[in-house]
$ cat work-v2.csv   # CSV, C-alpha atoms
chain,number,residue,atom,x,y,z
A,1467,MET,CA,23.0,-18.3,31.0
A,1468,ASP,CA,26.3,-16.5,30.7
A,1469,GLU,CA,27.4,-17.8,27.3
A,1470,PRO,CA,26.2,-16.0,24.1
A,1471,ILE,CA,23.0,-17.6,22.9
A,1472,PHE,CA,22.4,-15.5,19.7
A,1473,SER,CA,24.7,-13.7,17.2
A,1474,VAL,CA,23.2,-10.8,15.4
A,1475,THR,CA,24.0,-10.4,11.7
A,1476,LYS,CA,22.8,-8.0,9.0
A,1477,GLU,CA,20.2,-10.6,8.0
A,1478,HIS,CA,18.4,-10.2,11.4
A,1479,LEU,CA,17.8,-6.5,10.9
A,1480,GLU,CA,14.3,-5.3,9.7
A,1481,THR,CA,12.8,-8.7,10.4
A,1482,GLY,CA,10.5,-7.6,13.3
A,1483,LEU,CA,12.9,-9.0,15.9
A,1484,ARG,CA,11.6,-12.4,14.8
A,1485,GLY,CA,13.3,-15.1,16.9
A,1486,TYR,CA,15.6,-12.6,18.7
A,1487,PRO,CA,15.8,-13.4,22.5
A,1488,VAL,CA,15.1,-10.5,24.8
A,1489,GLY,CA,14.0,-12.0,28.1
A,1490,TYR,CA,11.9,-14.7,29.9
A,1491,CYS,CA,8.2,-15.6,29.9
A,1492,THR,CA,7.0,-17.2,33.1
A,1493,THR,CA,3.5,-18.1,31.9
A,1494,SER,CA,3.5,-20.1,28.7
A,1495,PHE,CA,5.5,-21.2,25.7
A,1496,VAL,CA,4.9,-22.7,22.2
A,1497,ASP,CA,6.6,-25.9,21.1
A,1498,PRO,CA,6.9,-26.2,17.3
A,1499,GLN,CA,5.7,-29.9,17.5
A,1500,LYS,CA,3.6,-30.0,20.6
A,1501,GLY,CA,1.9,-26.6,20.6
A,1502,LEU,CA,0.9,-24.2,23.4
A,1503,PHE,CA,1.8,-24.9,27.0
A,1504,TYR,CA,0.5,-23.0,30.0
A,1505,MET,CA,3.3,-23.3,32.5
A,1506,ASP,CA,4.4,-27.0,31.9
A,1507,GLN,CA,1.0,-28.3,30.9
A,1508,PRO,CA,-0.1,-28.7,27.2
A,1509,ILE,CA,-3.3,-26.8,26.4
A,1510,SER,CA,-5.1,-30.0,25.5
A,1511,GLN,CA,-5.0,-31.1,29.1
A,1512,LEU,CA,-6.6,-27.9,30.4
A,1513,VAL,CA,-9.7,-27.8,28.4
A,1514,GLU,CA,-12.0,-29.3,31.0
A,1515,LEU,CA,-10.8,-27.0,33.8
A,1516,ASP,CA,-12.9,-24.0,35.0
A,1517,PRO,CA,-11.5,-20.8,33.4
A,1518,LEU,CA,-10.5,-19.4,36.8
A,1519,GLU,CA,-8.5,-22.6,37.5
A,1520,VAL,CA,-6.5,-21.9,34.3
A,1521,VAL,CA,-6.1,-18.2,35.3
A,1522,HIS,CA,-4.8,-19.4,38.7
A,1523,LEU,CA,-2.3,-21.7,36.9
A,1524,LEU,CA,-0.9,-18.8,34.9
A,1525,TYR,CA,-0.9,-16.4,37.9
A,1526,SER,CA,0.4,-18.7,40.7
A,1527,GLY,CA,2.0,-21.6,38.8
A,1528,ASN,CA,-0.5,-24.2,39.8
A,1529,VAL,CA,-4.1,-25.1,39.3
A,1530,GLY,CA,-4.8,-24.6,43.0
A,1531,SER,CA,-6.4,-26.8,45.6
A,1532,LYS,CA,-10.0,-26.5,46.5
A,1533,GLU,CA,-9.2,-24.1,49.3
A,1534,GLU,CA,-6.8,-22.1,47.2
A,1535,MET,CA,-9.4,-21.7,44.5
A,1536,GLN,CA,-12.1,-20.7,47.0
A,1537,ALA,CA,-9.9,-17.9,48.2
A,1538,PHE,CA,-8.8,-16.9,44.7
A,1539,ARG,CA,-12.4,-16.7,43.5
A,1540,ALA,CA,-13.5,-14.7,46.5
A,1541,ASP,CA,-10.6,-12.3,46.0
A,1542,LEU,CA,-11.5,-11.7,42.3
A,1543,HIS,CA,-15.2,-11.4,43.1
A,1544,LYS,CA,-14.5,-8.5,45.4
A,1545,ARG,CA,-12.6,-6.8,42.6
A,1546,ALA,CA,-15.1,-7.4,39.8
A,1547,PHE,CA,-16.8,-4.1,39.7
A,1548,LEU,CA,-16.5,-0.7,38.0
A,1549,LYS,CA,-17.3,2.7,39.4
A,1550,GLU,CA,-20.5,4.2,38.1
A,1551,GLU,CA,-18.5,7.0,36.5
A,1552,THR,CA,-16.4,4.5,34.6
A,1553,LEU,CA,-19.4,2.7,33.2
A,1554,LYS,CA,-21.1,5.9,32.2
A,1555,THR,CA,-18.0,7.1,30.4
A,1556,ILE,CA,-17.7,3.9,28.5
A,1557,GLN,CA,-21.3,4.2,27.5
A,1558,THR,CA,-20.7,7.7,26.0
A,1559,LEU,CA,-17.7,6.6,23.8
A,1560,PRO,CA,-18.2,7.2,20.0
A,1561,LYS,CA,-19.3,4.1,18.1
A,1562,ASN,CA,-17.4,4.9,14.9
A,1563,GLY,CA,-14.8,2.4,13.7
A,1564,HIS,CA,-14.1,-1.1,14.9
A,1565,PRO,CA,-15.2,-2.1,18.4
A,1566,MET,CA,-11.6,-2.7,19.4
A,1567,LYS,CA,-11.2,1.1,19.4
A,1568,ILE,CA,-14.0,1.3,22.0
A,1569,PHE,CA,-12.3,-1.5,24.0
A,1570,ALA,CA,-9.0,0.4,24.0
A,1571,CYS,CA,-10.7,3.6,25.0
A,1572,ALA,CA,-12.5,1.8,27.8
A,1573,LEU,CA,-9.2,0.5,29.1
A,1574,ILE,CA,-7.8,4.0,29.1
A,1575,THR,CA,-10.9,5.2,30.9
A,1576,CYS,CA,-10.3,2.5,33.5
A,1577,GLY,CA,-6.7,3.7,33.8
A,1578,MET,CA,-8.0,7.2,34.7
A,1579,LEU,CA,-10.7,6.1,37.1
A,1580,GLU,CA,-9.8,2.6,38.4
A,1581,SER,CA,-6.0,2.3,38.5
A,1582,THR,CA,-4.3,1.9,41.8
A,1583,GLY,CA,-0.8,2.4,40.3
A,1584,ASP,CA,0.3,-0.9,41.8
A,1585,TYR,CA,1.0,-3.5,39.1
A,1586,LYS,CA,0.0,-6.5,41.3
A,1587,GLU,CA,-3.2,-5.0,42.5
A,1588,ASP,CA,-4.1,-3.7,39.0
A,1589,CYS,CA,-3.2,-7.1,37.5
A,1590,LEU,CA,-5.8,-8.9,39.7
A,1591,ASN,CA,-8.2,-6.0,39.4
A,1592,LEU,CA,-8.1,-6.1,35.6
A,1593,ILE,CA,-8.4,-9.9,35.4
A,1594,ALA,CA,-11.5,-9.6,37.6
A,1595,LYS,CA,-13.0,-6.5,35.8
A,1596,ILE,CA,-12.3,-7.5,32.2
A,1597,PRO,CA,-15.6,-9.4,31.6
A,1598,LEU,CA,-17.5,-6.4,32.7
A,1599,ILE,CA,-15.4,-4.0,30.7
A,1600,VAL,CA,-15.8,-6.1,27.6
A,1601,ALA,CA,-19.5,-6.6,28.1
A,1602,ALA,CA,-20.0,-2.9,28.6
A,1603,ALA,CA,-18.0,-2.1,25.4
A,1604,ILE,CA,-19.8,-4.6,23.3
A,1605,SER,CA,-23.3,-3.8,24.6
A,1606,HIS,CA,-22.7,-0.1,24.1
A,1607,HIS,CA,-21.5,-0.6,20.5
A,1608,ALA,CA,-24.3,-3.1,19.7
A,1609,GLY,CA,-27.1,-1.1,21.4
A,1610,TRP,CA,-27.8,-4.1,23.6
A,1611,LYS,CA,-29.0,-3.9,27.2
A,1612,LEU,CA,-26.1,-4.5,29.7
A,1613,ASN,CA,-27.4,-6.8,32.4
A,1614,LEU,CA,-26.2,-6.5,36.0
A,1615,SER,CA,-23.0,-8.2,36.8
A,1616,ASP,CA,-23.0,-11.1,39.3
A,1617,PRO,CA,-19.4,-12.6,39.4
A,1618,SER,CA,-20.6,-15.4,41.8
A,1619,LYS,CA,-22.2,-17.0,38.7
A,1620,GLY,CA,-18.8,-17.8,37.3
A,1621,TYR,CA,-16.2,-16.0,35.2
A,1622,ILE,CA,-17.7,-16.6,31.8
A,1623,GLU,CA,-21.2,-17.4,33.0
A,1624,ASN,CA,-21.4,-13.9,34.3
A,1625,PHE,CA,-20.0,-12.5,31.0
A,1626,VAL,CA,-22.6,-14.3,29.0
A,1627,ASP,CA,-25.4,-13.2,31.3
A,1628,MET,CA,-24.4,-9.6,31.0
A,1629,LEU,CA,-24.7,-9.7,27.2
A,1630,SER,CA,-28.2,-9.5,25.8
A,1631,VAL,CA,-27.3,-11.4,22.6
A,1632,PRO,CA,-30.5,-11.5,20.5
A,1633,ASP,CA,-32.2,-14.8,19.7
A,1634,THR,CA,-29.3,-17.0,21.0
A,1635,PRO,CA,-29.6,-19.5,23.8
A,1636,LYS,CA,-27.1,-18.7,26.6
A,1637,GLU,CA,-26.1,-22.3,26.9
A,1638,GLU,CA,-24.8,-22.3,23.3
A,1639,LEU,CA,-22.7,-19.2,23.9
A,1640,LEU,CA,-21.4,-20.5,27.2
A,1641,ARG,CA,-20.3,-23.8,25.6
A,1642,VAL,CA,-18.1,-22.0,23.1
A,1643,PHE,CA,-17.1,-18.9,25.0
A,1644,LYS,CA,-15.6,-20.9,27.9
A,1645,ILE,CA,-13.3,-22.8,25.7
A,1646,PHE,CA,-12.5,-19.8,23.5
A,1647,ASN,CA,-11.6,-17.8,26.6
A,1648,LYS,CA,-9.3,-20.5,28.0
A,1649,LEU,CA,-7.5,-21.2,24.8
A,1650,HIS,CA,-6.5,-17.6,24.2
A,1651,TYR,CA,-5.2,-16.5,27.6
A,1652,ASP,CA,-1.6,-16.5,26.7
A,1653,HIS,CA,0.8,-17.5,23.8
A,1654,GLY,CA,4.3,-17.0,24.9
A,1655,GLY,CA,6.1,-13.7,25.5
A,1656,GLY,CA,7.0,-12.6,22.0
A,1657,ASN,CA,3.7,-12.2,20.1
A,1658,LEU,CA,3.0,-8.6,19.2
A,1659,SER,CA,0.4,-7.7,21.7
A,1660,ALA,CA,2.3,-9.2,24.7
A,1661,PHE,CA,5.6,-7.5,23.6
A,1662,VAL,CA,3.9,-4.1,23.0
A,1663,GLY,CA,2.2,-4.2,26.4
A,1664,LYS,CA,5.5,-5.1,28.2
A,1665,SER,CA,7.4,-2.4,26.2
A,1666,VAL,CA,4.9,0.3,27.1
A,1667,ALA,CA,4.9,-0.8,30.8
A,1668,SER,CA,8.7,-0.6,30.8
A,1669,GLY,CA,8.3,3.1,30.7
A,1670,LEU,CA,6.3,2.8,33.9
A,1671,GLU,CA,3.0,3.4,32.2
A,1672,ASP,CA,0.3,1.9,34.4
A,1673,LEU,CA,-1.2,-1.5,33.6
A,1674,TYR,CA,-4.4,-0.2,32.0
A,1675,GLY,CA,-2.5,2.0,29.6
A,1676,ALA,CA,0.0,-0.8,28.8
A,1677,ILE,CA,-2.9,-3.2,28.1
A,1678,ALA,CA,-4.7,-0.6,26.0
A,1679,ALA,CA,-1.6,-0.4,23.8
A,1680,SER,CA,-1.6,-4.3,23.7
A,1681,MET,CA,-5.1,-4.2,22.4
A,1682,CYS,CA,-4.2,-1.7,19.7
A,1683,ALA,CA,-1.5,-4.1,18.6
A,1684,LEU,CA,-4.0,-6.9,18.7
A,1685,ASP,CA,-6.4,-4.9,16.6
A,1686,GLY,CA,-4.3,-5.3,13.4
A,1687,PRO,CA,-5.3,-7.8,10.7
A,1688,ARG,CA,-1.9,-9.6,11.0
A,1689,HIS,CA,-2.7,-10.4,14.7
A,1690,GLY,CA,-6.1,-10.4,16.4
A,1691,LYS,CA,-8.3,-9.7,13.4
A,1692,ALA,CA,-7.1,-12.8,11.7
A,1693,ASN,CA,-10.1,-14.7,13.0
A,1694,GLN,CA,-12.4,-12.3,11.1
A,1695,ASP,CA,-10.4,-12.7,7.9
A,1696,CYS,CA,-10.5,-16.5,8.2
A,1697,LEU,CA,-14.3,-16.4,8.8
A,1698,GLU,CA,-14.8,-14.2,5.7
A,1699,PHE,CA,-12.6,-16.6,3.7
A,1700,THR,CA,-14.6,-19.6,4.8
A,1701,LEU,CA,-17.9,-17.8,4.0
A,1702,LYS,CA,-16.6,-16.9,0.6
A,1703,MET,CA,-15.5,-20.5,-0.1
A,1704,LEU,CA,-19.0,-21.7,1.0
A,1705,GLU,CA,-20.6,-19.1,-1.3
A,1706,GLU,CA,-18.4,-20.1,-4.3
A,1707,LEU,CA,-18.7,-23.9,-3.9
A,1708,GLY,CA,-22.1,-24.4,-2.2
A,1709,GLU,CA,-23.2,-26.6,0.7
A,1710,ASN,CA,-22.6,-29.8,-1.3
A,1711,ALA,CA,-18.9,-29.2,-2.0
A,1712,THR,CA,-16.4,-32.1,-1.8
A,1713,VAL,CA,-12.8,-32.1,-0.6
A,1714,GLY,CA,-11.8,-32.3,-4.3
A,1715,ASP,CA,-13.8,-29.1,-5.1
A,1716,VAL,CA,-12.1,-27.3,-2.2
A,1717,GLU,CA,-8.7,-28.5,-3.3
A,1718,ASN,CA,-9.2,-27.3,-6.8
A,1719,ARG,CA,-10.5,-23.9,-5.7
A,1720,LEU,CA,-7.5,-23.4,-3.4
A,1721,ARG,CA,-5.2,-24.2,-6.2
A,1722,ASP,CA,-7.0,-21.6,-8.4
A,1723,LYS,CA,-6.6,-19.0,-5.7
A,1724,LEU,CA,-2.9,-19.7,-5.2
A,1725,ALA,CA,-2.4,-19.6,-9.0
A,1726,ASN,CA,-4.1,-16.2,-9.0
A,1727,LYS,CA,-1.9,-14.9,-6.2
A,1728,GLU,CA,-4.9,-14.7,-3.8
A,1729,LEU,CA,-4.4,-15.3,-0.1
A,1730,VAL,CA,-5.5,-18.5,1.6
A,1731,TYR,CA,-6.4,-17.8,5.2
A,1732,GLY,CA,-6.2,-19.9,8.3
A,1733,PHE,CA,-3.0,-21.9,7.6
A,1734,GLY,CA,0.5,-21.5,8.8
A,1735,HIS,CA,2.1,-20.3,12.1
A,1736,ALA,CA,5.2,-18.4,13.1
A,1737,VAL,CA,6.3,-21.2,15.4
A,1738,LEU,CA,4.2,-24.3,15.0
A,1739,ARG,CA,5.0,-27.0,12.4
A,1740,VAL,CA,1.9,-29.0,13.1
A,1741,GLU,CA,-1.8,-28.3,13.3
A,1742,ASP,CA,-2.4,-25.9,16.1
A,1743,PRO,CA,-3.6,-28.0,19.1
A,1744,ARG,CA,-6.1,-25.2,19.9
A,1745,ALA,CA,-7.5,-25.6,16.4
A,1746,SER,CA,-7.8,-29.3,17.0
A,1747,ILE,CA,-9.8,-28.7,20.2
A,1748,PHE,CA,-12.1,-26.4,18.3
A,1749,TYR,CA,-12.5,-28.8,15.4
A,1750,GLU,CA,-13.6,-31.6,17.8
A,1751,LEU,CA,-16.1,-29.3,19.5
A,1752,ALA,CA,-17.5,-28.2,16.1
A,1753,LYS,CA,-17.8,-31.8,14.9
A,1754,LYS,CA,-19.6,-32.8,18.1
A,1755,HIS,CA,-22.1,-30.0,18.3
A,1756,TYR,CA,-22.4,-28.3,14.9
A,1757,SER,CA,-21.5,-30.9,12.3
A,1758,ASN,CA,-24.6,-30.0,10.2
A,1759,ASN,CA,-23.8,-26.3,10.0
A,1760,PRO,CA,-22.8,-25.4,6.5
A,1761,LEU,CA,-20.1,-23.1,7.7
A,1762,ILE,CA,-18.6,-25.8,9.9
A,1763,LYS,CA,-18.8,-28.3,7.0
A,1764,MET,CA,-16.7,-25.9,4.9
A,1765,ALA,CA,-14.2,-25.3,7.7
A,1766,LEU,CA,-13.8,-29.1,8.1
A,1767,LEU,CA,-13.3,-29.5,4.3
A,1768,LEU,CA,-10.7,-26.7,4.4
A,1769,ARG,CA,-8.9,-28.5,7.3
A,1770,GLU,CA,-8.6,-31.6,5.1
A,1771,ALA,CA,-7.9,-30.0,1.7
A,1772,GLY,CA,-5.7,-27.1,2.8
A,1773,PRO,CA,-2.6,-28.9,4.0
A,1774,LYS,CA,-2.6,-31.2,1.0
A,1775,VAL,CA,-2.6,-28.3,-1.4
A,1776,LEU,CA,-0.1,-26.2,0.5
A,1777,LYS,CA,2.3,-29.1,0.8
A,1778,GLU,CA,2.6,-28.9,-2.9
A,1779,ASN,CA,4.7,-25.8,-2.4
A,1780,PRO,CA,8.1,-26.8,-0.9
A,1781,LYS,CA,8.6,-23.3,0.4
A,1782,ILE,CA,5.7,-23.5,2.9
A,1783,SER,CA,7.1,-24.7,6.2
A,1784,ASN,CA,3.8,-25.1,8.0
A,1785,PRO,CA,0.8,-26.0,5.8
A,1786,TYR,CA,-1.5,-26.8,8.8
A,1787,PRO,CA,-4.5,-25.0,10.2
A,1788,ASN,CA,-4.0,-22.4,13.0
A,1789,VAL,CA,-6.6,-21.6,15.6
A,1790,ASP,CA,-8.1,-18.7,13.5
A,1791,ALA,CA,-9.1,-21.2,10.8
A,1792,ILE,CA,-12.0,-22.5,12.9
A,1793,SER,CA,-12.5,-20.1,15.9
A,1794,GLY,CA,-14.6,-17.6,14.0
A,1795,ALA,CA,-16.7,-20.3,12.3
A,1796,LEU,CA,-17.3,-21.9,15.6
A,1797,LEU,CA,-18.4,-18.6,17.3
A,1798,SER,CA,-20.8,-18.1,14.4
A,1799,ALA,CA,-22.2,-21.6,14.5
A,1800,SER,CA,-22.9,-21.1,18.3
A,1801,GLY,CA,-25.2,-18.2,17.5
A,1802,PHE,CA,-22.7,-15.4,18.0
A,1803,ASN,CA,-22.7,-14.2,14.4
A,1804,TYR,CA,-21.1,-10.9,15.1
A,1805,PRO,CA,-17.6,-11.1,13.6
A,1806,HIS,CA,-16.6,-7.5,14.5
A,1807,TYR,CA,-16.6,-8.6,18.1
A,1808,TYR,CA,-14.4,-11.6,17.7
A,1809,THR,CA,-11.2,-9.7,18.2
A,1810,VAL,CA,-12.7,-8.1,21.3
A,1811,LEU,CA,-13.4,-11.6,22.7
A,1812,PHE,CA,-9.8,-12.5,21.8
A,1813,GLY,CA,-8.6,-9.4,23.6
A,1814,MET,CA,-10.7,-10.1,26.7
A,1815,SER,CA,-8.9,-13.4,27.0
A,1816,ARG,CA,-5.4,-12.3,26.2
A,1817,VAL,CA,-5.6,-9.5,28.8
A,1818,VAL,CA,-5.1,-12.3,31.4
A,1819,GLY,CA,-1.8,-13.5,30.2
A,1820,ILE,CA,-0.4,-10.2,29.2
A,1821,SER,CA,-1.2,-8.6,32.6
A,1822,ILE,CA,0.6,-11.4,34.4
A,1823,GLN,CA,3.6,-11.1,32.1
A,1824,ILE,CA,3.7,-7.3,32.7
A,1825,LEU,CA,3.5,-8.0,36.5
A,1826,TYR,CA,6.6,-10.2,36.2
A,1827,GLU,CA,8.6,-7.8,34.2
A,1828,ARG,CA,7.7,-4.8,36.4
A,1829,SER,CA,7.8,-6.3,39.9
A,1830,ILE,CA,9.6,-9.6,39.9
A,1831,ALA,CA,12.3,-9.7,37.1
A,1832,ARG,CA,15.9,-9.0,38.1
A,1833,GLY,CA,15.3,-9.6,41.8
A,1834,GLY,CA,12.4,-7.2,41.9
A,1835,LYS,CA,14.1,-4.3,40.1
A,1836,GLY,CA,12.1,-5.0,36.9
A,1837,VAL,CA,13.2,-5.0,33.3
A,1838,PRO,CA,14.7,-1.7,32.2
A,1839,ILE,CA,12.9,0.5,29.7
A,1840,TYR,CA,13.0,-1.1,26.3
A,1841,ARG,CA,15.5,0.6,24.0
A,1842,PRO,CA,16.6,-1.6,21.0
A,1843,LYS,CA,19.5,-0.3,18.9
A,1844,TYR,CA,18.9,1.1,15.4
A,1845,PHE,CA,21.6,1.7,12.9
A,1846,PHE,CA,21.5,4.9,10.9
A,1847,LYS,CA,21.0,4.2,7.2
A,1848,GLY,CA,20.1,7.6,5.7
A,1849,LYS,CA,17.7,8.3,2.9
A,1850,VAL,CA,17.0,5.4,0.5
$ encode --input "work-v2.csv" --output "structure tokens"
Amino acid sequence: MDEPIFSVTKEHLETGLRGYPVGYCTTSFVDPQKGLFYMDQPISQLVELDPLEVVHLLYSGNVGSKEEMQAFRADLHKRAFLKEETLKTIQTLPKNGHPMKIFACALITCGMLESTGDYKEDCLNLIAKIPLIVAAAISHHAGWKLNLSDPSKGYIENFVDMLSVPDTPKEELLRVFKIFNKLHYDHGGGNLSAFVGKSVASGLEDLYGAIAASMCALDGPRHGKANQDCLEFTLKMLEELGENATVGDVENRLRDKLANKELVYGFGHAVLRVEDPRASIFYELAKKHYSNNPLIKMALLLREAGPKVLKENPKISNPYPNVDAISGALLSASGFNYPHYYTVLFGMSRVVGISIQILYERSIARGGKGVPIYRPKYFFKGKV
């Protein structure tokens, strides 16, 4: 690709590098009309696969034969432990603030006590360890018992078993957690958390430190916390309109909110110009298993009413639901009604894709030399 592919003008400055090409992503991409692809496969075709088959696809480029998957699982199982000192340190972290802070601190702790300094080894190690790291962080913050880890049960099965979620059948959590985990592994190379992780790693920070920075990026309300905001928005709509609300009621309330300059959450996307296929998958799961749940009913009404109302504004390029419009409501309906942990679950999943992207940029790109340290140019402007 020797010919210029992008011309920089003044209008591109101070736009968050939006749309500006900086490199390659070898794991996934987002098509505006077709949605998220892992490698060359649309996400809708991967829903029925075991989570580790999807991880293998992102890591190796293929789903893997029976023999390849047996070897891959065995390798990850050997890596899926934490030193006693690491666990004890995580369990002494302060509980102040959002649980994402504990998660980031836990990753830094792992960097001090678990890192090998080799990006490939640490990539596989972190993918194997992340269910235990997250289970330890959530259990510590929530005051729940952390059950013993047994990775032979399955990647998400073990995670659910480690959590002592009160009064919630594990089969309900497993149904939603497995799909939630798979749908959030990766989302192209330019989203904030992925870009931040790769930028930090370009300075040769170890993988754990780079991923901790990624999770701090994910922590913001414009990124990973959006699922919490969407859930709160859906709950507020339910509170305002009641369980017997109609599509017309929801349409009118949305118009009122827009007229009052209030935000409407769960719609629009930086790349997509259709309903997010991940949201479509979640909506179908919600209708199949939780159609009588009042929160799901409201989420489904918003799915129908939102695009109609937003299309009335010609300036809105994508009036369709994104994945956050339904993911929080679905987690709540499954019995995991702990919104402050939703971003942590998001992060647990996204660690997989970002780690593999960092491995590429550090050890494979440019014939193994790796991507140079990130150093974009800024023009001096002076005081304004």
$ residues_near_point --input "work-v2.csv" --point "(-5.4, -23.4, 0.8)" --cutoff "7 Å" --atoms "all atoms listed in the file" --output "list in words"
Leu1720, Val1730, Gly1772, Pro1773, Val1775 and Leu1776 of chain A
$ atom_distance --input "work-v2.csv" --atom1 "atom CA of A:Lys1849" --atom2 "atom CA of A:His1478"
20.4 Å
$ closest_residue --input "work-v2.csv" --among "A:Asn1759, A:Gln1511, A:Thr1809, A:Ser1798" --to "A:Lys1648" --atoms "only C-alpha atoms"
A:Gln1511
$ residues_around --input "work-v2.csv" --residues "A:Leu1767" --least-positions-apart "3" --cutoff "7 Å" --atoms "only C-alpha atoms" --output "ChimeraX atom specification"
/A:1713,1716,1763-1764,1770-1771
$ residues_around --input "work-v2.csv" --residues "A:Ala1745" --least-positions-apart "2" --cutoff "12 Å" --atoms "all atoms listed in the file" --output "number ranges by chain"
A: 1501-1502, 1509-1510, 1645-1646, 1649-1650, 1693, 1732-1735, 1738, 1740-1743, 1747-1752, 1765-1766, 1769, 1786-1796
$ write_last_selection --input "work-v2.csv" --atoms "C-alpha atoms" --output "CSV table (one decimal), in the frame of the given file"
chain,number,residue,atom,x,y,z
A,1501,GLY,CA,1.9,-26.6,20.6
A,1502,LEU,CA,0.9,-24.2,23.4
A,1509,ILE,CA,-3.3,-26.8,26.4
A,1510,SER,CA,-5.1,-30.0,25.5
A,1645,ILE,CA,-13.3,-22.8,25.7
A,1646,PHE,CA,-12.5,-19.8,23.5
A,1649,LEU,CA,-7.5,-21.2,24.8
A,1650,HIS,CA,-6.5,-17.6,24.2
A,1693,ASN,CA,-10.1,-14.7,13.0
A,1732,GLY,CA,-6.2,-19.9,8.3
A,1733,PHE,CA,-3.0,-21.9,7.6
A,1734,GLY,CA,0.5,-21.5,8.8
A,1735,HIS,CA,2.1,-20.3,12.1
A,1738,LEU,CA,4.2,-24.3,15.0
A,1740,VAL,CA,1.9,-29.0,13.1
A,1741,GLU,CA,-1.8,-28.3,13.3
A,1742,ASP,CA,-2.4,-25.9,16.1
A,1743,PRO,CA,-3.6,-28.0,19.1
A,1747,ILE,CA,-9.8,-28.7,20.2
A,1748,PHE,CA,-12.1,-26.4,18.3
A,1749,TYR,CA,-12.5,-28.8,15.4
A,1750,GLU,CA,-13.6,-31.6,17.8
A,1751,LEU,CA,-16.1,-29.3,19.5
A,1752,ALA,CA,-17.5,-28.2,16.1
A,1765,ALA,CA,-14.2,-25.3,7.7
A,1766,LEU,CA,-13.8,-29.1,8.1
A,1769,ARG,CA,-8.9,-28.5,7.3
A,1786,TYR,CA,-1.5,-26.8,8.8
A,1787,PRO,CA,-4.5,-25.0,10.2
A,1788,ASN,CA,-4.0,-22.4,13.0
A,1789,VAL,CA,-6.6,-21.6,15.6
A,1790,ASP,CA,-8.1,-18.7,13.5
A,1791,ALA,CA,-9.1,-21.2,10.8
A,1792,ILE,CA,-12.0,-22.5,12.9
A,1793,SER,CA,-12.5,-20.1,15.9
A,1794,GLY,CA,-14.6,-17.6,14.0
A,1795,ALA,CA,-16.7,-20.3,12.3
A,1796,LEU,CA,-17.3,-21.9,15.6
$ residues_around --input "work-v2.csv" --residues "A:Met1578" --least-positions-apart "6" --cutoff "12 Å" --atoms "only C-alpha atoms" --output "mmCIF file with C-alpha atoms, keeping the file's coordinate frame"
data_model
loop_
_atom_site.group_PDB
_atom_site.id
_atom_site.type_symbol
_atom_site.label_atom_id
_atom_site.label_comp_id
_atom_site.auth_asym_id
_atom_site.auth_seq_id
_atom_site.Cartn_x
_atom_site.Cartn_y
_atom_site.Cartn_z
ATOM 1 C CA LYS A 1549 -17.300 2.700 39.400
ATOM 2 C CA GLU A 1551 -18.500 7.000 36.500
ATOM 3 C CA THR A 1552 -16.400 4.500 34.600
ATOM 4 C CA THR A 1555 -18.000 7.100 30.400
ATOM 5 C CA ILE A 1556 -17.700 3.900 28.500
ATOM 6 C CA CYS A 1571 -10.700 3.600 25.000
ATOM 7 C CA ALA A 1572 -12.500 1.800 27.800
ATOM 8 C CA GLU A 1671 3.000 3.400 32.200
ATOM 9 C CA ASP A 1672 0.300 1.900 34.400
ATOM 10 C CA LEU A 1673 -1.200 -1.500 33.600
ATOM 11 C CA TYR A 1674 -4.400 -0.200 32.000
ATOM 12 C CA GLY A 1675 -2.500 2.000 29.600
#
$ residues_near_point --input "work-v2.csv" --point "(-3.3, -5.3, 29.7)" --cutoff "6 Å" --atoms "only C-alpha atoms" --output "PDB file with C-alpha atoms, in the coordinates of the input"
ATOM      1  CA  LEU A1673      -1.200  -1.500  33.600  1.00  0.00           C
ATOM      2  CA  TYR A1674      -4.400  -0.200  32.000  1.00  0.00           C
ATOM      3  CA  ALA A1676       0.000  -0.800  28.800  1.00  0.00           C
ATOM      4  CA  ILE A1677      -2.900  -3.200  28.100  1.00  0.00           C
ATOM      5  CA  VAL A1817      -5.600  -9.500  28.800  1.00  0.00           C
ATOM      6  CA  ILE A1820      -0.400 -10.200  29.200  1.00  0.00           C
ATOM      7  CA  SER A1821      -1.200  -8.600  32.600  1.00  0.00           C
TER       8      SER A1821
END
$ atom_distance --input "work-v2.csv" --atom1 "atom CA of A:Cys1682" --atom2 "atom CA of A:Ala1570"
6.8 Å
$ closest_residue --input "work-v2.csv" --among "A:Arg1641, A:Asn1758, A:Gly1655, A:Thr1481" --to "A:Glu1514" --atoms "all atoms listed in the file"
A:Arg1641
$ residues_around --input "work-v2.csv" --residues "A:Ser1526" --least-positions-apart "3" --cutoff "10 Å" --atoms "all atoms listed in the file" --output "list in words"
Thr1493, Met1505, Val1520, Val1521, His1522, Leu1523, Val1529, Gly1530 and Ile1822 of chain A
$ closest_residue --input "work-v2.csv" --among "A:Ser1829, A:Asn1647, A:Thr1582, A:Asn1779" --to "A:Ser1815" --atoms "all atoms listed in the file"
A:Asn1647
$ decode --input "work-v2.csv" --residues "stretch 1599-1610 of chain A" --atoms "C-alpha atoms" --output "compact mmCIF listing (two decimals), in the first residue's frame"
# COMPACT_ATOMS: atom_id res chain seq x y z
CA ILE A 1599 -8.36 -12.24 38.20
CA VAL A 1600 -11.86 -10.86 37.57
CA ALA A 1601 -13.56 -13.34 39.91
CA ALA A 1602 -11.09 -12.38 42.64
CA ALA A 1603 -11.61 -8.64 42.04
CA ILE A 1604 -15.41 -8.85 42.02
CA SER A 1605 -15.57 -11.21 45.01
CA HIS A 1606 -13.27 -8.96 47.02
CA HIS A 1607 -15.30 -5.84 46.24
CA ALA A 1608 -18.65 -7.55 46.82
CA GLY A 1609 -17.61 -9.43 49.95
CA TRP A 1610 -18.49 -12.75 48.34
